[in-house]
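Comments concern the structure below.
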Protein chains: 2
Amino acid sequence: MTEGVEIERKFLVERPPADLDAHPSREIEQGYLAITDDVEVRVRRYGDHSFLTVKSSGNESRIEEEIKIEGRRFDALWPLTDGRRVEKRRYAIPAPGGLTIELDVYHGRLSGLLTAEIEFESLADATSFDPPGWLGPDVTDDPRYKNKRLATQGLPA
Amino acid sequence: MTEGVEIERKFLVERPPADLDAHPSREIEQGYLAITDDVEVRVRRYGDHSFLTVKSSGNESRIEEEIKIEGRRFDALWPLTDGRRVEKRRYAIPAPGGLTIELDVYHGRLSGLLTAEIEFESLADATSFDPPGWLGPDVTDDPRYKNKRLATQGLPA
């Protein structure tokens with residue numbers, strides 16, 4: 001999830017597939033402990049796994065370290081992310097061409113938002129991707145839907 | 001090092017004992033990744049051990065999690081602490097009454113500073129402690145000699 005450059009597209013979703021609950025899903029809780037000019041520190045629980053990640057926020061040489069932590073540490077640190085959280089359930093939905101659509105249904109302060117992400121092997125695959133009808137507007141390059149922005153600013157107006 | 005309340009006294013040192021190098025010592029490198037109103041995140045290498053610590057900086061219910069990390073992670077994160085570091089060699093010097101004086105000889109930006117800390121079992125022991133002649137002024141309550149202040153502001157004027 002953190003190695004190399006990901007080729008992804010992101011869409012808004014207004015109405016998810018009717019059989020949503022038939023697909024495997026995991027709860028994701030992500031919160032920022034600290035955001036400074038230089039550094040971001042966040043904790044993330046993904047199903048049964050918890051991580052603490054430190055990232056440089058500068059533009060030059062990018063540093064990112066993802067450290068696996070115990071669930072009890074996640075629980076202890078979570079209160080420090082108050083007001084800087086993204087909470088969502090992620091569904092894995094198969095799509096043509098062996099692709100997987102990751103549909104995120106947000107809770108908490110972001111309740112009502114649904115987004116879908118698809119990761120591609122190449123830029124050519126990404127541009128030629130023909131989205132199924134239930135995917136809404138492409139927001140791949142819209143900064144308002146970045147995780148950090150959603151966590152700190154909430155739902156786009 | 002992080003459980004409960006420590007009873008400590010801290011002194012400035014102008015001239016360390018002549019036999020300093022006869023005492024066991026370890027290098028300590030500590031740097032802040034992020035300092036915000038709510039949270040501090042720092043990395044620390046103490047001899048062969050490395051840690052990442054997240055602390056609430058608020059006054060109410062205090063949260064502190066010290067996470068052991070691999071040396072290679074410390075190395076990767078260290079550049080992100082530039083300008084917010086304390087680097088020192090800590091000598092353990094025995095003192096009467098089974099006490100240990102931890103003498104810190106600072107390097108880098110803090111070069112020239114020497115401090116000594118002694119940890120006590122009780123407040124009574126701390127107040128009745130008779131410092132050896134080589135310990136200078138008591139700076140236990142002087143905020144200028146706190147680690148965070150030294151790391152971010154450098155040597156007191």
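All residue names refer to the structure tokens as shown: chains lettered A, B, ... in order, residues numbered from 1 in each chain, ligands numbered from 1 in order.
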Discussion item. Report as a PyMOL selection string all protein, DNA and RNA residues lying within 10 Å of stretch 138-152 of chain B, evaluated on only C-alpha atoms, omitting residues in the same chain fewer than 2 positions from it.
Written reply: chain B and resi 8-13+30-32+35+40+42+81-87+109-110+113+115-117+131+135-136+154-157
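Between chain B and its sequence-identical counterpart chain A, the C-alpha RMSD after optimal superposition is 0.0 Å.
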Checklist entry - So how far away is atom CA of B:Val43 from atom CA of B:Pro24, in Å? => result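 Calculated distance between atom CA of B:Pro24 and atom CA of B:Val43 is 22.9 Å.
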Q: Could the residues of chain A within 12 Å of chain B, counting only C-alpha atoms, be given as a count of residues only, please?
A: 43
Where does DSSP see strand (DSSP E) in chain A, if you list the residues as a VMD selection string?
chain A and resid 7 to 12 25 to 35 39 to 46 49 to 56 64 to 69 85 to 95 99 to 106 114 to 120
Write out as a PyMOL selection string which residues come within 9 Å of B:Ser111 when counting only C-alpha atoms, dropping same-chain ones fewer than 3 positions away.
-> chain B and resi 87-88+105-108+114+155
Can those selected residues be exported to a file as a compact mmCIF listing (two decimals), in the first residue's frame so that it contains all heavy atoms?
# COMPACT_ATOMS: atom_id res chain seq x y z
N GLU B 87 21.45 15.46 21.36
CA GLU B 87 22.42 14.38 21.21
C GLU B 87 23.41 14.48 22.36
O GLU B 87 23.96 15.55 22.61
CB GLU B 87 23.15 14.52 19.87
CG GLU B 87 22.20 14.41 18.68
CD GLU B 87 22.84 14.86 17.37
OE1 GLU B 87 23.46 14.01 16.70
OE2 GLU B 87 22.73 16.05 17.02
N LYS B 88 23.59 13.36 23.05
CA LYS B 88 24.45 13.41 24.23
C LYS B 88 24.97 12.03 24.58
O LYS B 88 24.41 11.02 24.15
CB LYS B 88 23.66 13.98 25.41
CG LYS B 88 22.41 13.21 25.79
CD LYS B 88 21.52 14.01 26.75
CE LYS B 88 20.26 13.24 27.12
NZ LYS B 88 19.33 14.04 27.93
N VAL B 105 26.65 14.54 28.66
CA VAL B 105 27.57 15.44 27.96
C VAL B 105 27.00 15.63 26.55
O VAL B 105 26.98 14.68 25.75
CB VAL B 105 28.99 14.84 27.90
CG1 VAL B 105 29.94 15.79 27.15
CG2 VAL B 105 29.51 14.56 29.31
N TYR B 106 26.53 16.83 26.27
CA TYR B 106 25.83 17.09 25.02
C TYR B 106 26.79 17.34 23.87
O TYR B 106 27.88 17.87 24.06
CB TYR B 106 24.90 18.32 25.18
CG TYR B 106 23.78 18.07 26.18
CD1 TYR B 106 24.04 18.06 27.54
CD2 TYR B 106 22.48 17.83 25.75
CE1 TYR B 106 23.02 17.82 28.46
CE2 TYR B 106 21.46 17.59 26.66
CZ TYR B 106 21.73 17.59 28.01
OH TYR B 106 20.73 17.34 28.91
N HIS B 107 26.34 16.95 22.66
CA HIS B 107 27.09 17.25 21.43
C HIS B 107 26.26 18.15 20.53
O HIS B 107 25.17 18.56 20.87
CB HIS B 107 27.36 15.99 20.61
CG HIS B 107 27.67 14.79 21.38
ND1 HIS B 107 28.71 14.71 22.25
CD2 HIS B 107 27.08 13.55 21.40
CE1 HIS B 107 28.76 13.51 22.77
NE2 HIS B 107 27.78 12.78 22.28
N GLY B 108 26.80 18.27 19.32
CA GLY B 108 26.06 18.97 18.26
C GLY B 108 25.79 20.41 18.66
O GLY B 108 26.65 21.08 19.23
N LEU B 114 26.63 20.41 30.01
CA LEU B 114 26.69 19.17 30.78
C LEU B 114 25.64 19.26 31.87
O LEU B 114 25.58 20.27 32.60
CB LEU B 114 28.05 18.96 31.45
CG LEU B 114 29.26 18.57 30.58
CD1 LEU B 114 29.86 19.79 29.91
CD2 LEU B 114 30.31 17.87 31.44
N LEU B 155 20.86 25.98 23.28
CA LEU B 155 21.45 26.36 24.56
C LEU B 155 20.80 27.62 25.14
O LEU B 155 20.60 28.59 24.41
CB LEU B 155 22.94 26.64 24.38
CG LEU B 155 23.87 25.44 24.26
CD1 LEU B 155 25.29 25.92 23.94
CD2 LEU B 155 23.88 24.61 25.53
**OP:** Determine the nearest neighbour of B:Asp21 from the options B:Ile7, B:Leu123, B:Arg44, B:Arg90, counting only C-alpha atoms.
**Re:**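 The closest residue to B:Asp21 is B:Arg90.
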query = Where in stretch 41-149 of chain A does DSSP assign alpha helix (DSSP H), given as a ChimeraX atom specification?
reply = /A:71-77,123-128,147-149
message = I'd like the contact shell of A:Gly98 - 12 Å cut-off, only C-alpha atoms, skipping same-chain residues fewer than 6 positions apart - returned as a ChimeraX atom specification.
response = /A:118-121,125,129
Interatomic distance (Å, one decimal) between atom CA of A:Glu29 and atom CA of A:Asp104: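 A separation of 11.5 Å between them.
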Atom pair atom CA of B:Asp19 + atom CA of B:Asp130, distance 20.7 Å
